[in-house]
Amino acid sequence: MTSDLTLTGRHEGREAFGNLVRQVIASADQQAWREWWWCDDDFADWPLGERAVAEALDRWAGQGRRLHLLARSYQTVRERHARFVTWRVRWDHCIEARACPSASAEDFPSGMWMPGLCWSRIDAARSVVLCSDEPRQRTQMQQTLHGWWNRGTPSFAASTLGL
């Protein structure tokens, strides 16, 4: 991780949360993360419909890159984030998505993990986020996300097949 990404610490409020997501996504290509995990109840508060976010994701995506998406439901993503849905279709080969619809909103994590950095939204109502580059927190977040991933089922397909 390069030194220009200094996001560690506590972030509070919807605006700070949105800015954190934008900054992390904007820096992804420079950071050259090959593996990236996103997790949220429904991604409603994430600025995924913004043109700059889609452009940054285009720069990041490519051969050998993998984005793991985990949500309780992707309905809000489909309804609110059209650019992201289009991006997801275009980059289907580097995205895996799972859903945990039976999970409780209170127990389901919200956060992001990538090599060298992770963040966890510890209070969704107030958008309080803890962002860390500490190995212990990154390992804990990675284990949490893998645990939920194993409980989930494939979801948010790039296309739907029908007869």
# chains A, B, ... in the order shown; residues from 1 in each chain; ligands from 1
>>> residues_around(residues="Glu134 (chain A)", least_positions_apart="2", cutoff="12 Å", atoms="only C-alpha atoms", output="JSON, numbers by chain")
{"A": [8, 9, 113, 115, 116, 117, 118, 119, 130, 131, 132, 136, 137, 138, 139, 140, 141]}
>>> closest_residue(among="A:Leu7, A:Ala61, A:Ala44, A:Ala82", to="Gln30 (chain A)", atoms="only C-alpha atoms")
A:Ala61
>>> atom_distance(atom1="CA of Arg10 (chain A)", atom2="CA of Gln143 (chain A)")
21.2 Å
>>> residues_around(residues="Val129 (chain A)", least_positions_apart="5", cutoff="10 Å", atoms="only C-alpha atoms", output="VMD selection string")
chain A and resid 8 to 13 16 to 17 20 110 to 111 119 to 124
>>> select_by_dssp(residues="region 15-74 of chain A", states="helix (DSSP H, G or I)", output="PyMOL selection string")
chain A and resi 15-31+51-60
>>> write_last_selection(atoms="N, CA and C atoms", output="mmCIF file, in the first residue's frame")
data_model
loop_
_atom_site.group_PDB
_atom_site.id
_atom_site.type_symbol
_atom_site.label_atom_id
_atom_site.label_comp_id
_atom_site.auth_asym_id
_atom_site.auth_seq_id
_atom_site.Cartn_x
_atom_site.Cartn_y
_atom_site.Cartn_z
ATOM 1 N N GLU A 15 -21.707 11.792 5.101
ATOM 2 C CA GLU A 15 -20.791 12.415 4.147
ATOM 3 C C GLU A 15 -19.394 11.818 4.263
ATOM 4 N N ALA A 16 -18.921 11.645 5.486
ATOM 5 C CA ALA A 16 -17.596 11.046 5.701
ATOM 6 C C ALA A 16 -17.573 9.611 5.172
ATOM 7 N N PHE A 17 -18.658 8.875 5.394
ATOM 8 C CA PHE A 17 -18.735 7.506 4.895
ATOM 9 C C PHE A 17 -18.648 7.482 3.367
ATOM 10 N N GLY A 18 -19.472 8.301 2.715
ATOM 11 C CA GLY A 18 -19.442 8.356 1.250
ATOM 12 C C GLY A 18 -18.073 8.750 0.724
ATOM 13 N N ASN A 19 -17.438 9.708 1.383
ATOM 14 C CA ASN A 19 -16.099 10.130 0.958
ATOM 15 C C ASN A 19 -15.073 9.022 1.137
ATOM 16 N N LEU A 20 -15.189 8.258 2.226
ATOM 17 C CA LEU A 20 -14.286 7.133 2.445
ATOM 18 C C LEU A 20 -14.425 6.114 1.321
ATOM 19 N N VAL A 21 -15.656 5.740 0.986
ATOM 20 C CA VAL A 21 -15.883 4.779 -0.092
ATOM 21 C C VAL A 21 -15.316 5.320 -1.399
ATOM 22 N N ARG A 22 -15.583 6.581 -1.706
ATOM 23 C CA ARG A 22 -15.061 7.188 -2.941
ATOM 24 C C ARG A 22 -13.533 7.159 -2.972
ATOM 25 N N GLN A 23 -12.890 7.538 -1.858
ATOM 26 C CA GLN A 23 -11.422 7.573 -1.809
ATOM 27 C C GLN A 23 -10.812 6.188 -1.996
ATOM 28 N N VAL A 24 -11.382 5.199 -1.327
ATOM 29 C CA VAL A 24 -10.844 3.848 -1.451
ATOM 30 C C VAL A 24 -10.996 3.347 -2.882
ATOM 31 N N ILE A 25 -12.169 3.536 -3.464
ATOM 32 C CA ILE A 25 -12.398 3.078 -4.837
ATOM 33 C C ILE A 25 -11.497 3.837 -5.807
ATOM 34 N N ALA A 26 -11.350 5.139 -5.613
ATOM 35 C CA ALA A 26 -10.508 5.942 -6.507
ATOM 36 C C ALA A 26 -9.046 5.518 -6.453
ATOM 37 N N SER A 27 -8.614 4.998 -5.321
ATOM 38 C CA SER A 27 -7.213 4.615 -5.181
ATOM 39 C C SER A 27 -6.936 3.159 -5.544
ATOM 40 N N ALA A 28 -7.950 2.390 -5.828
ATOM 41 C CA ALA A 28 -7.793 0.947 -6.038
ATOM 42 C C ALA A 28 -6.813 0.608 -7.150
ATOM 43 N N ASP A 29 -6.870 1.323 -8.248
ATOM 44 C CA ASP A 29 -5.970 1.023 -9.357
ATOM 45 C C ASP A 29 -4.519 1.285 -8.966
ATOM 46 N N GLN A 30 -4.264 2.397 -8.289
ATOM 47 C CA GLN A 30 -2.902 2.713 -7.845
ATOM 48 C C GLN A 30 -2.395 1.677 -6.848
ATOM 49 N N GLN A 31 -3.284 1.203 -6.004
ATOM 50 C CA GLN A 31 -2.909 0.220 -4.992
ATOM 51 C C GLN A 31 -2.701 -1.166 -5.593
ATOM 52 N N ARG A 51 -20.706 8.505 -11.537
ATOM 53 C CA ARG A 51 -19.855 8.307 -12.724
ATOM 54 C C ARG A 51 -18.387 8.125 -12.329
ATOM 55 N N ALA A 52 -17.873 8.938 -11.417
ATOM 56 C CA ALA A 52 -16.468 8.849 -11.014
ATOM 57 C C ALA A 52 -16.157 7.495 -10.376
ATOM 58 N N VAL A 53 -17.104 6.941 -9.654
ATOM 59 C CA VAL A 53 -16.919 5.626 -9.035
ATOM 60 C C VAL A 53 -16.829 4.556 -10.120
ATOM 61 N N ALA A 54 -17.736 4.597 -11.088
ATOM 62 C CA ALA A 54 -17.712 3.622 -12.185
ATOM 63 C C ALA A 54 -16.407 3.734 -12.986
ATOM 64 N N GLU A 55 -15.963 4.962 -13.230
ATOM 65 C CA GLU A 55 -14.710 5.154 -13.967
ATOM 66 C C GLU A 55 -13.514 4.611 -13.186
ATOM 67 N N ALA A 56 -13.505 4.830 -11.874
ATOM 68 C CA ALA A 56 -12.416 4.303 -11.050
ATOM 69 C C ALA A 56 -12.437 2.778 -11.033
ATOM 70 N N LEU A 57 -13.623 2.197 -10.969
ATOM 71 C CA LEU A 57 -13.732 0.738 -11.003
ATOM 72 C C LEU A 57 -13.267 0.183 -12.348
ATOM 73 N N ASP A 58 -13.551 0.897 -13.438
ATOM 74 C CA ASP A 58 -13.049 0.485 -14.753
ATOM 75 C C ASP A 58 -11.526 0.438 -14.761
ATOM 76 N N ARG A 59 -10.900 1.438 -14.160
ATOM 77 C CA ARG A 59 -9.429 1.469 -14.126
ATOM 78 C C ARG A 59 -8.865 0.329 -13.290
ATOM 79 N N TRP A 60 -9.580 -0.040 -12.228
ATOM 80 C CA TRP A 60 -9.106 -1.117 -11.356
ATOM 81 C C TRP A 60 -9.289 -2.498 -11.987
#
>>> closest_residue(among="A:Asp107, A:Val128, A:Asp133, A:Asp42", to="Phe156 (chain A)", atoms="only C-alpha atoms")
A:Asp42
>>> closest_residue(among="A:His68, A:Ser127, A:Ser73, A:Gly147", to="Asp92 (chain A)", atoms="only C-alpha atoms")
A:His68
>>> residues_around(residues="Arg34 (chain A)", least_positions_apart="5", cutoff="8 Å", atoms="only C-alpha atoms", output="ChimeraX atom specification")
/A:64-66
>>> closest_residue(among="A:Glu50, A:Glu35, A:Asp40, A:Asp45", to="Arg83 (chain A)", atoms="only C-alpha atoms")
A:Glu50
>>> select_by_dssp(residues="region 57-146 of chain A", states="strand (DSSP E or B)", output="list in words")
Arg66, Leu67, His68, Leu69, Leu70, Ala71, Ile95, Glu96, Ala97, Arg98, Ala99, Gly111, Met112, Trp113, Met114, Leu117, Cys118, Trp119, Ser120, Arg121, Ile122, Asp123, Val128, Val129, Leu130, Cys131 and Ser132 of chain A
>>> residues_around(residues="Ala103 (chain A)", least_positions_apart="4", cutoff="12 Å", atoms="only C-alpha atoms", output="PyMOL selection string")
chain A and resi 40-42+70-73+99+107-109+148-149+151-153
>>> write_last_selection(atoms="N, CA and C atoms", output="mmCIF file, in the first residue's frame")
data_model
loop_
_atom_site.group_PDB
_atom_site.id
_atom_site.type_symbol
_atom_site.label_atom_id
_atom_site.label_comp_id
_atom_site.auth_asym_id
_atom_site.auth_seq_id
_atom_site.Cartn_x
_atom_site.Cartn_y
_atom_site.Cartn_z
ATOM 1 N N ASP A 40 -22.169 -5.282 2.750
ATOM 2 C CA ASP A 40 -23.134 -4.356 3.325
ATOM 3 C C ASP A 40 -24.515 -4.990 3.246
ATOM 4 N N ASP A 41 -25.382 -4.524 4.107
ATOM 5 C CA ASP A 41 -26.758 -4.992 4.122
ATOM 6 C C ASP A 41 -27.378 -4.893 2.728
ATOM 7 N N ASP A 42 -27.324 -3.697 2.120
ATOM 8 C CA ASP A 42 -27.916 -3.504 0.796
ATOM 9 C C ASP A 42 -27.187 -2.461 -0.056
ATOM 10 N N LEU A 70 -20.846 -9.021 -1.029
ATOM 11 C CA LEU A 70 -21.664 -9.762 -0.081
ATOM 12 C C LEU A 70 -22.719 -8.827 0.483
ATOM 13 N N ALA A 71 -23.990 -9.219 0.375
ATOM 14 C CA ALA A 71 -25.100 -8.403 0.869
ATOM 15 C C ALA A 71 -26.209 -9.313 1.381
ATOM 16 N N ARG A 72 -27.106 -8.719 2.134
ATOM 17 C CA ARG A 72 -28.324 -9.473 2.470
ATOM 18 C C ARG A 72 -29.240 -9.471 1.257
ATOM 19 N N SER A 73 -29.273 -8.339 0.525
ATOM 20 C CA SER A 73 -30.101 -8.207 -0.669
ATOM 21 C C SER A 73 -29.454 -7.225 -1.641
ATOM 22 N N ALA A 99 -25.399 -13.581 -1.435
ATOM 23 C CA ALA A 99 -26.378 -12.938 -0.565
ATOM 24 C C ALA A 99 -26.672 -13.832 0.627
ATOM 25 N N ASP A 107 -26.838 -8.157 12.796
ATOM 26 C CA ASP A 107 -25.645 -9.004 12.831
ATOM 27 C C ASP A 107 -24.787 -8.903 11.572
ATOM 28 N N PHE A 108 -25.385 -8.483 10.467
ATOM 29 C CA PHE A 108 -24.676 -8.493 9.190
ATOM 30 C C PHE A 108 -23.654 -7.357 9.144
ATOM 31 N N PRO A 109 -22.414 -7.658 8.752
ATOM 32 C CA PRO A 109 -21.367 -6.625 8.749
ATOM 33 C C PRO A 109 -21.492 -5.667 7.569
ATOM 34 N N TRP A 148 -19.254 -15.146 6.630
ATOM 35 C CA TRP A 148 -20.539 -14.795 6.004
ATOM 36 C C TRP A 148 -20.598 -15.296 4.557
ATOM 37 N N TRP A 149 -19.497 -15.224 3.852
ATOM 38 C CA TRP A 149 -19.436 -15.699 2.467
ATOM 39 C C TRP A 149 -19.833 -17.174 2.402
ATOM 40 N N ARG A 151 -21.765 -18.761 4.328
ATOM 41 C CA ARG A 151 -23.200 -18.909 4.610
ATOM 42 C C ARG A 151 -24.078 -18.422 3.459
ATOM 43 N N GLY A 152 -23.523 -17.620 2.571
ATOM 44 C CA GLY A 152 -24.292 -17.019 1.488
ATOM 45 C C GLY A 152 -24.514 -17.945 0.314
ATOM 46 N N THR A 153 -25.345 -17.495 -0.587
ATOM 47 C CA THR A 153 -25.620 -18.220 -1.826
ATOM 48 C C THR A 153 -25.361 -17.269 -3.006
#
>>> closest_residue(among="A:Gln63, A:Ser104, A:Ser155, A:Thr76", to="Trp46 (chain A)", atoms="only C-alpha atoms")
A:Thr76
>>> atom_distance(atom1="CA of Val89 (chain A)", atom2="CA of Ala157 (chain A)")
8.2 Å
>>> atom_distance(atom1="CA of Cys100 (chain A)", atom2="CA of Tyr74 (chain A)")
10.2 Å
>>> decode(residues="region 120-155 of chain A", atoms="N, CA and C atoms", output="PDB file, in the first residue's frame")
ATOM      1  N   SER A 120     -14.612  -1.104   8.808  1.00  0.00           N
ATOM      2  CA  SER A 120     -15.839  -1.711   9.294  1.00  0.00           C
ATOM      3  C   SER A 120     -16.767  -0.600   9.775  1.00  0.00           C
ATOM      4  N   ARG A 121     -18.000  -0.617   9.280  1.00  0.00           N
ATOM      5  CA  ARG A 121     -18.990   0.356   9.743  1.00  0.00           C
ATOM      6  C   ARG A 121     -19.622  -0.228  10.998  1.00  0.00           C
ATOM      7  N   ILE A 122     -19.248   0.326  12.135  1.00  0.00           N
ATOM      8  CA  ILE A 122     -19.671  -0.228  13.415  1.00  0.00           C
ATOM      9  C   ILE A 122     -21.019   0.319  13.875  1.00  0.00           C
ATOM     10  N   ASP A 123     -21.490   1.392  13.250  1.00  0.00           N
ATOM     11  CA  ASP A 123     -22.793   1.965  13.569  1.00  0.00           C
ATOM     12  C   ASP A 123     -23.383   2.489  12.266  1.00  0.00           C
ATOM     13  N   ALA A 124     -24.257   1.692  11.655  1.00  0.00           N
ATOM     14  CA  ALA A 124     -24.822   2.064  10.356  1.00  0.00           C
ATOM     15  C   ALA A 124     -25.715   3.290  10.453  1.00  0.00           C
ATOM     16  N   ALA A 125     -26.480   3.416  11.526  1.00  0.00           N
ATOM     17  CA  ALA A 125     -27.403   4.541  11.673  1.00  0.00           C
ATOM     18  C   ALA A 125     -26.655   5.883  11.681  1.00  0.00           C
ATOM     19  N   ARG A 126     -25.489   5.931  12.299  1.00  0.00           N
ATOM     20  CA  ARG A 126     -24.700   7.164  12.374  1.00  0.00           C
ATOM     21  C   ARG A 126     -23.518   7.143  11.404  1.00  0.00           C
ATOM     22  N   SER A 127     -23.402   6.073  10.644  1.00  0.00           N
ATOM     23  CA  SER A 127     -22.285   5.896   9.704  1.00  0.00           C
ATOM     24  C   SER A 127     -20.939   6.116  10.383  1.00  0.00           C
ATOM     25  N   VAL A 128     -20.707   5.353  11.438  1.00  0.00           N
ATOM     26  CA  VAL A 128     -19.420   5.380  12.138  1.00  0.00           C
ATOM     27  C   VAL A 128     -18.576   4.230  11.597  1.00  0.00           C
ATOM     28  N   VAL A 129     -17.408   4.579  11.092  1.00  0.00           N
ATOM     29  CA  VAL A 129     -16.524   3.617  10.444  1.00  0.00           C
ATOM     30  C   VAL A 129     -15.159   3.647  11.110  1.00  0.00           C
ATOM     31  N   LEU A 130     -14.617   2.459  11.333  1.00  0.00           N
ATOM     32  CA  LEU A 130     -13.236   2.334  11.792  1.00  0.00           C
ATOM     33  C   LEU A 130     -12.418   1.757  10.643  1.00  0.00           C
ATOM     34  N   CYS A 131     -11.387   2.467  10.262  1.00  0.00           N
ATOM     35  CA  CYS A 131     -10.532   2.071   9.138  1.00  0.00           C
ATOM     36  C   CYS A 131      -9.142   1.777   9.687  1.00  0.00           C
ATOM     37  N   SER A 132      -8.590   0.625   9.323  1.00  0.00           N
ATOM     38  CA  SER A 132      -7.328   0.210   9.914  1.00  0.00           C
ATOM     39  C   SER A 132      -6.414  -0.467   8.904  1.00  0.00           C
ATOM     40  N   ASP A 133      -5.126  -0.268   9.138  1.00  0.00           N
ATOM     41  CA  ASP A 133      -4.121  -1.019   8.387  1.00  0.00           C
ATOM     42  C   ASP A 133      -3.392  -1.995   9.310  1.00  0.00           C
ATOM     43  N   GLU A 134      -3.898  -2.145  10.534  1.00  0.00           N
ATOM     44  CA  GLU A 134      -3.302  -3.057  11.512  1.00  0.00           C
ATOM     45  C   GLU A 134      -3.578  -4.511  11.122  1.00  0.00           C
ATOM     46  N   PRO A 135      -2.562  -5.377  11.136  1.00  0.00           N
ATOM     47  CA  PRO A 135      -2.752  -6.772  10.737  1.00  0.00           C
ATOM     48  C   PRO A 135      -3.853  -7.500  11.516  1.00  0.00           C
ATOM     49  N   ARG A 136      -3.953  -7.250  12.808  1.00  0.00           N
ATOM     50  CA  ARG A 136      -4.967  -7.950  13.613  1.00  0.00           C
ATOM     51  C   ARG A 136      -6.380  -7.596  13.153  1.00  0.00           C
ATOM     52  N   GLN A 137      -6.651  -6.321  12.917  1.00  0.00           N
ATOM     53  CA  GLN A 137      -7.982  -5.909  12.456  1.00  0.00           C
ATOM     54  C   GLN A 137      -8.262  -6.429  11.046  1.00  0.00           C
ATOM     55  N   ARG A 138      -7.248  -6.399  10.195  1.00  0.00           N
ATOM     56  CA  ARG A 138      -7.446  -6.895   8.826  1.00  0.00           C
ATOM     57  C   ARG A 138      -7.756  -8.388   8.835  1.00  0.00           C
ATOM     58  N   THR A 139      -7.035  -9.144   9.661  1.00  0.00           N
ATOM     59  CA  THR A 139      -7.279 -10.586   9.757  1.00  0.00           C
ATOM     60  C   THR A 139      -8.670 -10.861  10.309  1.00  0.00           C
ATOM     61  N   GLN A 140      -9.058 -10.130  11.333  1.00  0.00           N
ATOM     62  CA  GLN A 140     -10.391 -10.313  11.915  1.00  0.00           C
ATOM     63  C   GLN A 140     -11.486 -10.001  10.895  1.00  0.00           C
ATOM     64  N   MET A 141     -11.335  -8.907  10.152  1.00  0.00           N
ATOM     65  CA  MET A 141     -12.328  -8.550   9.136  1.00  0.00           C
ATOM     66  C   MET A 141     -12.366  -9.606   8.042  1.00  0.00           C
ATOM     67  N   GLN A 142     -11.221 -10.069   7.614  1.00  0.00           N
ATOM     68  CA  GLN A 142     -11.167 -11.090   6.574  1.00  0.00           C
ATOM     69  C   GLN A 142     -11.876 -12.370   7.031  1.00  0.00           C
ATOM     70  N   GLN A 143     -11.653 -12.783   8.259  1.00  0.00           N
ATOM     71  CA  GLN A 143     -12.314 -13.979   8.791  1.00  0.00           C
ATOM     72  C   GLN A 143     -13.822 -13.782   8.895  1.00  0.00           C
ATOM     73  N   THR A 144     -14.244 -12.609   9.328  1.00  0.00           N
ATOM     74  CA  THR A 144     -15.676 -12.308   9.404  1.00  0.00           C
ATOM     75  C   THR A 144     -16.318 -12.396   8.025  1.00  0.00           C
ATOM     76  N   LEU A 145     -15.703 -11.782   7.045  1.00  0.00           N
ATOM     77  CA  LEU A 145     -16.264 -11.796   5.691  1.00  0.00           C
ATOM     78  C   LEU A 145     -16.288 -13.205   5.113  1.00  0.00           C
ATOM     79  N   HIS A 146     -15.239 -13.976   5.325  1.00  0.00           N
ATOM     80  CA  HIS A 146     -15.219 -15.362   4.826  1.00  0.00           C
ATOM     81  C   HIS A 146     -16.313 -16.196   5.492  1.00  0.00           C
ATOM     82  N   GLY A 147     -16.538 -15.970   6.785  1.00  0.00           N
ATOM     83  CA  GLY A 147     -17.603 -16.692   7.480  1.00  0.00           C
ATOM     84  C   GLY A 147     -18.966 -16.414   6.874  1.00  0.00           C
ATOM     85  N   TRP A 148     -19.254 -15.146   6.630  1.00  0.00           N
ATOM     86  CA  TRP A 148     -20.539 -14.795   6.004  1.00  0.00           C
ATOM     87  C   TRP A 148     -20.598 -15.296   4.557  1.00  0.00           C
ATOM     88  N   TRP A 149     -19.497 -15.224   3.852  1.00  0.00           N
ATOM     89  CA  TRP A 149     -19.436 -15.699   2.467  1.00  0.00           C
ATOM     90  C   TRP A 149     -19.833 -17.174   2.402  1.00  0.00           C
ATOM     91  N   ASN A 150     -19.318 -17.963   3.329  1.00  0.00           N
ATOM     92  CA  ASN A 150     -19.621 -19.395   3.350  1.00  0.00           C
ATOM     93  C   ASN A 150     -21.089 -19.677   3.656  1.00  0.00           C
ATOM     94  N   ARG A 151     -21.765 -18.761   4.328  1.00  0.00           N
ATOM     95  CA  ARG A 151     -23.200 -18.909   4.610  1.00  0.00           C
ATOM     96  C   ARG A 151     -24.078 -18.422   3.459  1.00  0.00           C
ATOM     97  N   GLY A 152     -23.523 -17.620   2.571  1.00  0.00           N
ATOM     98  CA  GLY A 152     -24.292 -17.019   1.488  1.00  0.00           C
ATOM     99  C   GLY A 152     -24.514 -17.945   0.314  1.00  0.00           C
ATOM    100  N   THR A 153     -25.345 -17.495  -0.587  1.00  0.00           N
ATOM    101  CA  THR A 153     -25.620 -18.220  -1.826  1.00  0.00           C
ATOM    102  C   THR A 153     -25.361 -17.269  -3.006  1.00  0.00           C
ATOM    103  N   PRO A 154     -25.001 -17.804  -4.169  1.00  0.00           N
ATOM    104  CA  PRO A 154     -24.751 -16.954  -5.323  1.00  0.00           C
ATOM    105  C   PRO A 154     -25.950 -16.029  -5.595  1.00  0.00           C
ATOM    106  N   SER A 155     -25.633 -14.788  -5.938  1.00  0.00           N
ATOM    107  CA  SER A 155     -26.680 -13.794  -6.131  1.00  0.00           C
ATOM    108  C   SER A 155     -26.161 -12.677  -7.038  1.00  0.00           C
TER     109      SER A 155
END
